[in-house]
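Below: one structure, written as structure tokens.
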Amino acid sequence: MKTEENLAFGKRVAQLRKEAGLSQEQFAYECEVDRTYIGTIERGEKSPTLNTIAKIAKAFKISKSELFNY
């Protein structure tokens, strides 16, 4: 479900991924999740679990709290 929170979080993930120069496929591999799932997160269609949030932060080499600086 697209909520303001999901859209903002997805935009942040997409921004960081692009800054890192990674495709969705490359980033999904780093996060150990399916590429299509990264797409749904970036579009604000899904709310990632805490485990997925931790994987995303780890892949970016940032803290979970930094991931929410949007």
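Labels used: A, B, ... for chains in the order of the structure tokens, numbers from 1 for residues in each chain, and numbers from 1 for ligands as shown.
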**Contacts of segment 37-45 of chain A at 6 Å (only C-alpha atoms; same-chain gap of 5+ positions) as JSON, numbers by chain** = {"A": [1, 2, 6, 7, 10, 11, 14]}
Quick one: pick out all alpha helix (DSSP H) residues within chain A from a backbone DSSP run and write them as a compact mmCIF listing (two decimals) with C-alpha atoms, in the first residue's frame.
# COMPACT_ATOMS: atom_id res chain seq x y z
CA GLU A 4 3.45 8.81 2.55
CA GLU A 5 5.87 6.96 4.81
CA ASN A 6 6.42 4.15 2.28
CA LEU A 7 6.92 6.64 -0.53
CA ALA A 8 9.44 8.69 1.46
CA PHE A 9 11.38 5.59 2.54
CA GLY A 10 11.38 4.23 -1.01
CA LYS A 11 12.63 7.53 -2.38
CA ARG A 12 15.45 7.49 0.18
CA VAL A 13 16.47 3.94 -0.76
CA ALA A 14 16.44 4.82 -4.47
CA GLN A 15 18.48 7.97 -3.83
CA LEU A 16 21.14 6.12 -1.85
CA ARG A 17 21.25 3.26 -4.36
CA LYS A 18 21.77 5.65 -7.26
CA GLU A 19 24.44 7.59 -5.34
CA GLN A 24 18.34 -2.50 -8.51
CA GLU A 25 19.63 -5.96 -9.39
CA GLN A 26 23.11 -5.28 -7.95
CA PHE A 27 21.64 -3.74 -4.82
CA ALA A 28 19.18 -6.58 -4.31
CA TYR A 29 22.10 -9.02 -4.49
CA GLU A 30 23.93 -7.02 -1.81
CA CYS A 31 20.82 -7.07 0.38
CA ARG A 35 15.28 -7.53 -7.28
CA THR A 36 11.55 -7.08 -7.72
CA TYR A 37 11.19 -6.52 -3.96
CA ILE A 38 13.65 -3.60 -4.10
CA GLY A 39 11.54 -2.10 -6.88
CA THR A 40 8.36 -2.37 -4.84
CA ILE A 41 10.08 -0.73 -1.86
CA GLU A 42 11.43 2.11 -4.02
CA LEU A 50 12.80 -4.79 10.20
CA ASN A 51 15.05 -7.56 8.92
CA THR A 52 14.98 -6.11 5.40
CA ILE A 53 15.63 -2.60 6.74
CA ALA A 54 18.68 -3.97 8.55
CA LYS A 55 19.90 -5.65 5.33
CA ILE A 56 19.42 -2.42 3.35
CA ALA A 57 21.33 -0.35 5.92
CA LYS A 58 24.12 -2.94 6.03
CA ALA A 59 24.40 -2.94 2.23
CA PHE A 60 24.75 0.86 2.27
CA LYS A 64 19.46 2.01 10.39
CA SER A 65 18.74 5.48 11.77
CA GLU A 66 20.71 7.11 8.91
CA LEU A 67 18.49 5.24 6.48
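Of the listed residues A:Ile62, A:Val33, A:Ala20, A:Thr3, the one whose atoms come nearest to Thr49 of chain A is A:Val33, with distances taken using only C-alpha atoms.
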